[in-house]
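To keep things clear, I will list the structure first and then write my remarks on it.
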Amino acid sequence: MKGLQIDTNSKIPVYMQIADSIMAAVRDGILTRDQQIPSINELSEEYLLSRGTVEKAYKELRDKKVIISVKGKGYFINRTDVVIPLRILLIFNKISNYKKQVYNSFVKALGENVFVDLHIHHHSVPLFENLISNHLSDYDYYVIMPHFYEQPEKVLEILKKIPPEQLILLDRDVQELTGDYGTVYQNFEKDIYEALHEALPALKKYSSLVFVNPGLTPYPKEIEKGFRYFCRMQDFNFSVIEGIEMHTPVTKGQAYIIIEETDLVNLVKICRNNQLTIGKDVGIVSYNETLLKEILLDGITVISTDHEQMGASAAKMVLEKKRDRVKNPFRLILRNSL
């Protein structure tokens with residue numbers, strides 16, 4: 001029987017791996033009703049397994065009435081209405097409101113009979129390596145946000161351990177990775193450029209633009225690159241600063257592009273303390289949409305990917321067994337803060 005996946009280093013007992021592989025083949029239509037499968041001796045010889053291990057797997061399948069034994073003939077598939085949950089290892093770089101939106105949308109779109117195991121790598125390459133190495137062959141799909149800012153060659157090496165047909169990358173692609181894997185990605189540099197270009201009529205009333213670098217919080221450097229390119233192309237005076245503290249000077253006529261929520265809160269406080277009217281004296285463009293930004297200050301202008309769509313698109317790939325490369329929608333929502 002081809003396609004049986006056995007990993008002797010897995011924490012899942014081998015007999016369960018055999019049973020799960022056969023049930024998955026039935027679920028996916030590879031094995032059909034009344035189709036004969038290898039005998040216990042044939043399977044044990046082909047995969048160098050003990051006869052007792054294969055017997056235990058077949059007993060598990062017989063107990064579930066997935067297979068039946070016909071005396072003098074062998075084992076046959078008995079039923080095809082097999083419900084075996086898909087097992088998905090979902091790895092995020094961090095937990096945030098935006099990641100929760102992706103997660104909730106992903107799980108909702110998958111529906112029932114899917115087990116999603118969520119882990120966080122915190123941008124740590126050693127932690128990520130342990131997560132993958134300890135769980136290879138334990139899941140049907142590996143859905144990963146590959147936001148790493150060190151050891152790119154090591155990250156690539158780890159990703160290559162995952163069979164491409166089981167891999168879906170979220171939020172960003174890894175251009176150096178080859179193979180037929182799926183991805184739902186942002187184009188960070190192009191997205192911010194196009195969003196700011198759409199906001200150009202509102203931005204023109206400000207004398208300069210300020211990009212607020214989150215500082216110690218890792219973020220895709222392509223965002224700042226796209227901002228700089230926009231400013232040069234549109235002949236804007238601009239600057240890049242490291243975070244906003246309560247002592248940061250804020251000048252009338254500036255518009256701020258902010259990634260981190262803490263910097264947004266500090267900027268609002270500074271404007272209030274200095275009687276600067278947001279949307280008139282000082283402009284604000286915040287990264288990533290939240291419900292709070294719809295109502296704060298009668299609306300904060302945001303540039304944001306569609307986090308719910310990202311989760312739904314990844315779930316669709318899993319359910320339809322597709323491995324597409326999907327550019328996630330990105331949009332400007334113009335509100336009173338600009």
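Within each chain, counting starts at residue 1; across the structure tokens, chains are named A, B, ... in the order shown, with ligands numbered 1 upward in that order.
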
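Near Arg27 in chain A, within a cut-off of 8 Å and counting only C-alpha atoms, sit the residues A:Met23, A:Ala24, A:Ile30, A:Thr80, A:Asp81, A:Val82, A:Val83, A:Ile84, with same-chain residues fewer than 3 positions away left out.
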
Restricted to all heavy atoms, what would the selected residues look like written as an mmCIF file, in the first residue's frame?
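That gives us out-v9.cif:
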data_model
loop_
_atom_site.group_PDB
_atom_site.id
_atom_site.type_symbol
_atom_site.label_atom_id
_atom_site.label_comp_id
_atom_site.auth_asym_id
_atom_site.auth_seq_id
_atom_site.Cartn_x
_atom_site.Cartn_y
_atom_site.Cartn_z
ATOM 1 N N MET A 23 -7.249 5.457 7.523
ATOM 2 C CA MET A 23 -8.506 6.207 7.613
ATOM 3 C C MET A 23 -8.435 7.494 6.798
ATOM 4 O O MET A 23 -9.420 7.904 6.176
ATOM 5 C CB MET A 23 -8.838 6.512 9.074
ATOM 6 C CG MET A 23 -9.328 5.287 9.835
ATOM 7 S SD MET A 23 -10.101 5.696 11.424
ATOM 8 C CE MET A 23 -8.676 6.241 12.358
ATOM 9 N N ALA A 24 -7.265 8.144 6.789
ATOM 10 C CA ALA A 24 -7.107 9.357 5.982
ATOM 11 C C ALA A 24 -7.238 9.045 4.496
ATOM 12 O O ALA A 24 -7.831 9.814 3.734
ATOM 13 C CB ALA A 24 -5.754 10.004 6.268
ATOM 14 N N ILE A 30 -8.855 7.806 -1.572
ATOM 15 C CA ILE A 30 -7.771 7.001 -2.146
ATOM 16 C C ILE A 30 -8.099 5.513 -2.015
ATOM 17 O O ILE A 30 -7.829 4.718 -2.918
ATOM 18 C CB ILE A 30 -6.435 7.335 -1.451
ATOM 19 C CG1 ILE A 30 -6.080 8.812 -1.689
ATOM 20 C CG2 ILE A 30 -5.311 6.431 -1.962
ATOM 21 C CD1 ILE A 30 -4.927 9.305 -0.850
ATOM 22 N N THR A 80 -16.873 3.898 4.128
ATOM 23 C CA THR A 80 -16.165 5.101 3.669
ATOM 24 C C THR A 80 -16.642 6.364 4.387
ATOM 25 O O THR A 80 -16.140 7.456 4.121
ATOM 26 C CB THR A 80 -16.345 5.293 2.154
ATOM 27 O OG1 THR A 80 -17.747 5.321 1.842
ATOM 28 C CG2 THR A 80 -15.680 4.166 1.382
ATOM 29 N N ASP A 81 -17.635 6.222 5.271
ATOM 30 C CA ASP A 81 -18.111 7.391 6.022
ATOM 31 C C ASP A 81 -17.234 7.602 7.248
ATOM 32 O O ASP A 81 -17.696 7.676 8.382
ATOM 33 C CB ASP A 81 -19.574 7.223 6.419
ATOM 34 C CG ASP A 81 -19.806 5.959 7.244
ATOM 35 O OD1 ASP A 81 -19.012 5.000 7.098
ATOM 36 O OD2 ASP A 81 -20.766 5.937 8.030
ATOM 37 N N VAL A 82 -15.958 7.662 6.984
ATOM 38 C CA VAL A 82 -14.977 7.784 8.061
ATOM 39 C C VAL A 82 -14.809 9.250 8.439
ATOM 40 O O VAL A 82 -14.596 10.102 7.575
ATOM 41 C CB VAL A 82 -13.611 7.198 7.629
ATOM 42 C CG1 VAL A 82 -12.554 7.491 8.680
ATOM 43 C CG2 VAL A 82 -13.749 5.707 7.400
ATOM 44 N N VAL A 83 -14.926 9.529 9.710
ATOM 45 C CA VAL A 83 -14.715 10.893 10.200
ATOM 46 C C VAL A 83 -13.431 10.891 11.018
ATOM 47 O O VAL A 83 -13.394 10.385 12.135
ATOM 48 C CB VAL A 83 -15.897 11.385 11.058
ATOM 49 C CG1 VAL A 83 -15.596 12.777 11.603
ATOM 50 C CG2 VAL A 83 -17.181 11.386 10.249
ATOM 51 N N ILE A 84 -12.378 11.415 10.426
ATOM 52 C CA ILE A 84 -11.092 11.533 11.121
ATOM 53 C C ILE A 84 -10.676 12.993 11.084
ATOM 54 O O ILE A 84 -10.554 13.589 10.008
ATOM 55 C CB ILE A 84 -10.008 10.636 10.486
ATOM 56 C CG1 ILE A 84 -8.651 10.910 11.135
ATOM 57 C CG2 ILE A 84 -9.947 10.792 8.990
ATOM 58 C CD1 ILE A 84 -7.562 9.963 10.682
#

>> Quick one: residues within 7 Å of Asn336 in chain A, only C-alpha atoms, excluding same-chain residues fewer than 4 positions away - as number ranges by chain?
In response: A: 279, 298-301

Generate the output file for the selected residues, N, CA, C and O atoms, as a short mmCIF file (atom, residue, chain, number, x, y, z; two decimals), in the first residue's frame.
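Okay, this is what ended up in part29.cif:
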data_model
loop_
_atom_site.label_atom_id
_atom_site.label_comp_id
_atom_site.auth_asym_id
_atom_site.auth_seq_id
_atom_site.Cartn_x
_atom_site.Cartn_y
_atom_site.Cartn_z
N GLY A 279 -6.32 65.41 13.30
CA GLY A 279 -7.09 65.50 12.07
C GLY A 279 -7.05 66.89 11.45
O GLY A 279 -7.47 67.08 10.31
N ASP A 298 -13.50 59.82 17.15
CA ASP A 298 -14.44 59.83 16.03
C ASP A 298 -13.88 59.14 14.80
O ASP A 298 -14.27 59.43 13.67
N GLY A 299 -12.94 58.24 15.02
CA GLY A 299 -12.41 57.43 13.92
C GLY A 299 -10.95 57.68 13.64
O GLY A 299 -10.55 58.80 13.35
N ILE A 300 -10.13 56.62 13.76
CA ILE A 300 -8.71 56.68 13.42
C ILE A 300 -8.52 56.10 12.02
O ILE A 300 -8.98 55.00 11.72
N THR A 301 -7.84 56.84 11.16
CA THR A 301 -7.52 56.34 9.82
C THR A 301 -6.57 55.16 9.95
O THR A 301 -5.58 55.21 10.69
#

Could you list, as an mmCIF file with N, CA, C and O atoms, in the first residue's frame, every residue within 10 Å of Asp235 in chain A, counting only C-alpha atoms and ignoring same-chain residues fewer than 5 positions away?
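The result, stored in selection.cif:
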data_model
loop_
_atom_site.group_PDB
_atom_site.id
_atom_site.type_symbol
_atom_site.label_atom_id
_atom_site.label_comp_id
_atom_site.auth_asym_id
_atom_site.auth_seq_id
_atom_site.Cartn_x
_atom_site.Cartn_y
_atom_site.Cartn_z
ATOM 1 N N SER A 208 4.886 67.565 6.754
ATOM 2 C CA SER A 208 5.852 66.466 6.804
ATOM 3 C C SER A 208 5.184 65.203 7.342
ATOM 4 O O SER A 208 4.173 65.259 8.038
ATOM 5 N N TYR A 229 9.934 55.187 0.169
ATOM 6 C CA TYR A 229 9.782 55.279 -1.291
ATOM 7 C C TYR A 229 8.619 56.205 -1.642
ATOM 8 O O TYR A 229 8.723 57.040 -2.552
ATOM 9 N N PHE A 230 7.528 56.097 -0.907
ATOM 10 C CA PHE A 230 6.368 56.967 -1.148
ATOM 11 C C PHE A 230 6.752 58.434 -0.944
ATOM 12 O O PHE A 230 6.412 59.297 -1.769
#

> Using only C-alpha atoms, which residues sit within 12 Å of Asp324 in chain A once same-chain residues fewer than 2 positions away are excluded, as a PyMOL selection string?
Replying inline: chain A and resi 164-165+167-170+173+179-185+313-318+320-322+326-328

>> Need to verify the contact set: Asp281 in chain A, 12 Å, only C-alpha atoms, exclusion of same-chain residues closer than 3 positions in sequence. Can you return it as a PyMOL selection string?
In response: chain A and resi 203+205-208+250-256+271-272+274-278+284+336-338

> Of the candidates A:Ala312, A:Ala57, A:Ile77, A:Ile257, which one gets nearest to Val26 in chain A if we count only C-alpha atoms?
Replying inline: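 Under the stated criterion, the closest residue is A:Ile77.
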
> What's the 7 Å shell around Met145 in chain A, counting only C-alpha atoms, without same-chain residues fewer than 2 positions away, as an MDAnalysis selection string?
Replying inline: chainID A and resid 91:93 147 169:172

Atoms to include: all heavy atoms. Write the selected residues as a PDB file, in the first residue's frame.
ATOM      1  N   ILE A  91       1.242  27.938  13.787  1.00  0.00           N
ATOM      2  CA  ILE A  91       2.328  28.609  14.517  1.00  0.00           C
ATOM      3  C   ILE A  91       2.338  30.095  14.168  1.00  0.00           C
ATOM      4  O   ILE A  91       2.583  30.485  13.026  1.00  0.00           O
ATOM      5  CB  ILE A  91       3.695  27.985  14.186  1.00  0.00           C
ATOM      6  CG1 ILE A  91       3.688  26.472  14.450  1.00  0.00           C
ATOM      7  CG2 ILE A  91       4.787  28.644  15.021  1.00  0.00           C
ATOM      8  CD1 ILE A  91       5.000  25.782  14.149  1.00  0.00           C
ATOM      9  N   PHE A  92       2.063  30.930  15.164  1.00  0.00           N
ATOM     10  CA  PHE A  92       2.110  32.385  15.021  1.00  0.00           C
ATOM     11  C   PHE A  92       3.421  32.919  15.596  1.00  0.00           C
ATOM     12  O   PHE A  92       4.071  32.259  16.412  1.00  0.00           O
ATOM     13  CB  PHE A  92       0.956  33.048  15.767  1.00  0.00           C
ATOM     14  CG  PHE A  92      -0.384  32.927  15.084  1.00  0.00           C
ATOM     15  CD1 PHE A  92      -1.538  33.372  15.717  1.00  0.00           C
ATOM     16  CD2 PHE A  92      -0.507  32.377  13.818  1.00  0.00           C
ATOM     17  CE1 PHE A  92      -2.771  33.278  15.100  1.00  0.00           C
ATOM     18  CE2 PHE A  92      -1.731  32.280  13.186  1.00  0.00           C
ATOM     19  CZ  PHE A  92      -2.873  32.732  13.836  1.00  0.00           C
ATOM     20  N   ASN A  93       3.774  34.136  15.196  1.00  0.00           N
ATOM     21  CA  ASN A  93       4.965  34.775  15.760  1.00  0.00           C
ATOM     22  C   ASN A  93       4.680  35.408  17.124  1.00  0.00           C
ATOM     23  O   ASN A  93       5.551  35.504  17.976  1.00  0.00           O
ATOM     24  CB  ASN A  93       5.527  35.828  14.806  1.00  0.00           C
ATOM     25  CG  ASN A  93       4.499  36.885  14.431  1.00  0.00           C
ATOM     26  OD1 ASN A  93       3.376  36.551  14.050  1.00  0.00           O
ATOM     27  ND2 ASN A  93       4.854  38.152  14.535  1.00  0.00           N
ATOM     28  N   HIS A 147       7.636  35.006  10.519  1.00  0.00           N
ATOM     29  CA  HIS A 147       8.224  36.314  10.842  1.00  0.00           C
ATOM     30  C   HIS A 147       9.456  36.112  11.710  1.00  0.00           C
ATOM     31  O   HIS A 147       9.373  36.005  12.936  1.00  0.00           O
ATOM     32  CB  HIS A 147       7.203  37.203  11.572  1.00  0.00           C
ATOM     33  CG  HIS A 147       6.135  37.752  10.689  1.00  0.00           C
ATOM     34  ND1 HIS A 147       6.377  38.726   9.742  1.00  0.00           N
ATOM     35  CD2 HIS A 147       4.825  37.452  10.589  1.00  0.00           C
ATOM     36  CE1 HIS A 147       5.263  39.019   9.108  1.00  0.00           C
ATOM     37  NE2 HIS A 147       4.307  38.248   9.595  1.00  0.00           N
ATOM     38  N   LEU A 169       2.101  29.017   4.362  1.00  0.00           N
ATOM     39  CA  LEU A 169       2.683  30.173   5.032  1.00  0.00           C
ATOM     40  C   LEU A 169       1.644  31.287   5.126  1.00  0.00           C
ATOM     41  O   LEU A 169       0.910  31.544   4.178  1.00  0.00           O
ATOM     42  CB  LEU A 169       3.907  30.669   4.273  1.00  0.00           C
ATOM     43  CG  LEU A 169       5.080  29.691   4.134  1.00  0.00           C
ATOM     44  CD1 LEU A 169       6.248  30.355   3.423  1.00  0.00           C
ATOM     45  CD2 LEU A 169       5.513  29.154   5.489  1.00  0.00           C
ATOM     46  N   LEU A 170       1.617  31.948   6.273  1.00  0.00           N
ATOM     47  CA  LEU A 170       0.666  33.030   6.503  1.00  0.00           C
ATOM     48  C   LEU A 170       1.383  34.358   6.689  1.00  0.00           C
ATOM     49  O   LEU A 170       2.448  34.419   7.297  1.00  0.00           O
ATOM     50  CB  LEU A 170      -0.160  32.755   7.771  1.00  0.00           C
ATOM     51  CG  LEU A 170      -1.404  31.870   7.680  1.00  0.00           C
ATOM     52  CD1 LEU A 170      -2.132  31.892   9.019  1.00  0.00           C
ATOM     53  CD2 LEU A 170      -2.322  32.314   6.572  1.00  0.00           C
ATOM     54  N   ASP A 171       0.775  35.403   6.181  1.00  0.00           N
ATOM     55  CA  ASP A 171       1.184  36.795   6.392  1.00  0.00           C
ATOM     56  C   ASP A 171       2.373  37.221   5.550  1.00  0.00           C
ATOM     57  O   ASP A 171       2.401  38.337   5.041  1.00  0.00           O
ATOM     58  CB  ASP A 171       1.465  37.068   7.869  1.00  0.00           C
ATOM     59  CG  ASP A 171       1.118  38.498   8.260  1.00  0.00           C
ATOM     60  OD1 ASP A 171       0.218  39.080   7.620  1.00  0.00           O
ATOM     61  OD2 ASP A 171       1.721  39.031   9.203  1.00  0.00           O
ATOM     62  N   ARG A 172       3.375  36.357   5.403  1.00  0.00           N
ATOM     63  CA  ARG A 172       4.474  36.703   4.515  1.00  0.00           C
ATOM     64  C   ARG A 172       4.995  35.451   3.820  1.00  0.00           C
ATOM     65  O   ARG A 172       4.948  34.358   4.375  1.00  0.00           O
ATOM     66  CB  ARG A 172       5.606  37.422   5.248  1.00  0.00           C
ATOM     67  CG  ARG A 172       6.490  36.562   6.112  1.00  0.00           C
ATOM     68  CD  ARG A 172       7.587  37.402   6.745  1.00  0.00           C
ATOM     69  NE  ARG A 172       8.327  38.165   5.761  1.00  0.00           N
ATOM     70  CZ  ARG A 172       9.006  39.293   6.021  1.00  0.00           C
ATOM     71  NH1 ARG A 172       9.012  39.775   7.239  1.00  0.00           N
ATOM     72  NH2 ARG A 172       9.661  39.920   5.080  1.00  0.00           N
TER      73      ARG A 172
END

> as a list in words, which residues of range 82-183 of chain A does DSSP assign to strand (DSSP E)?
Replying inline: Leu86, Arg87, Ile88, Leu89, Leu90, Ile91, Phe92, Val114, Phe115, Val116, Asp117, Leu118, His119, Ile120, Tyr141, Tyr142, Val143, Ile144, Leu167, Ile168, Leu169, Leu170, Asp171, Gly182 and Thr183 of chain A

> Taking only C-alpha atoms into account, which of A:Asp138, A:Glu289, A:Glu242, A:Glu198 comes nearest Ser10 in chain A?
Replying inline: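 Closest to Ser10 in chain A, using only C-alpha atoms: A:Asp138.
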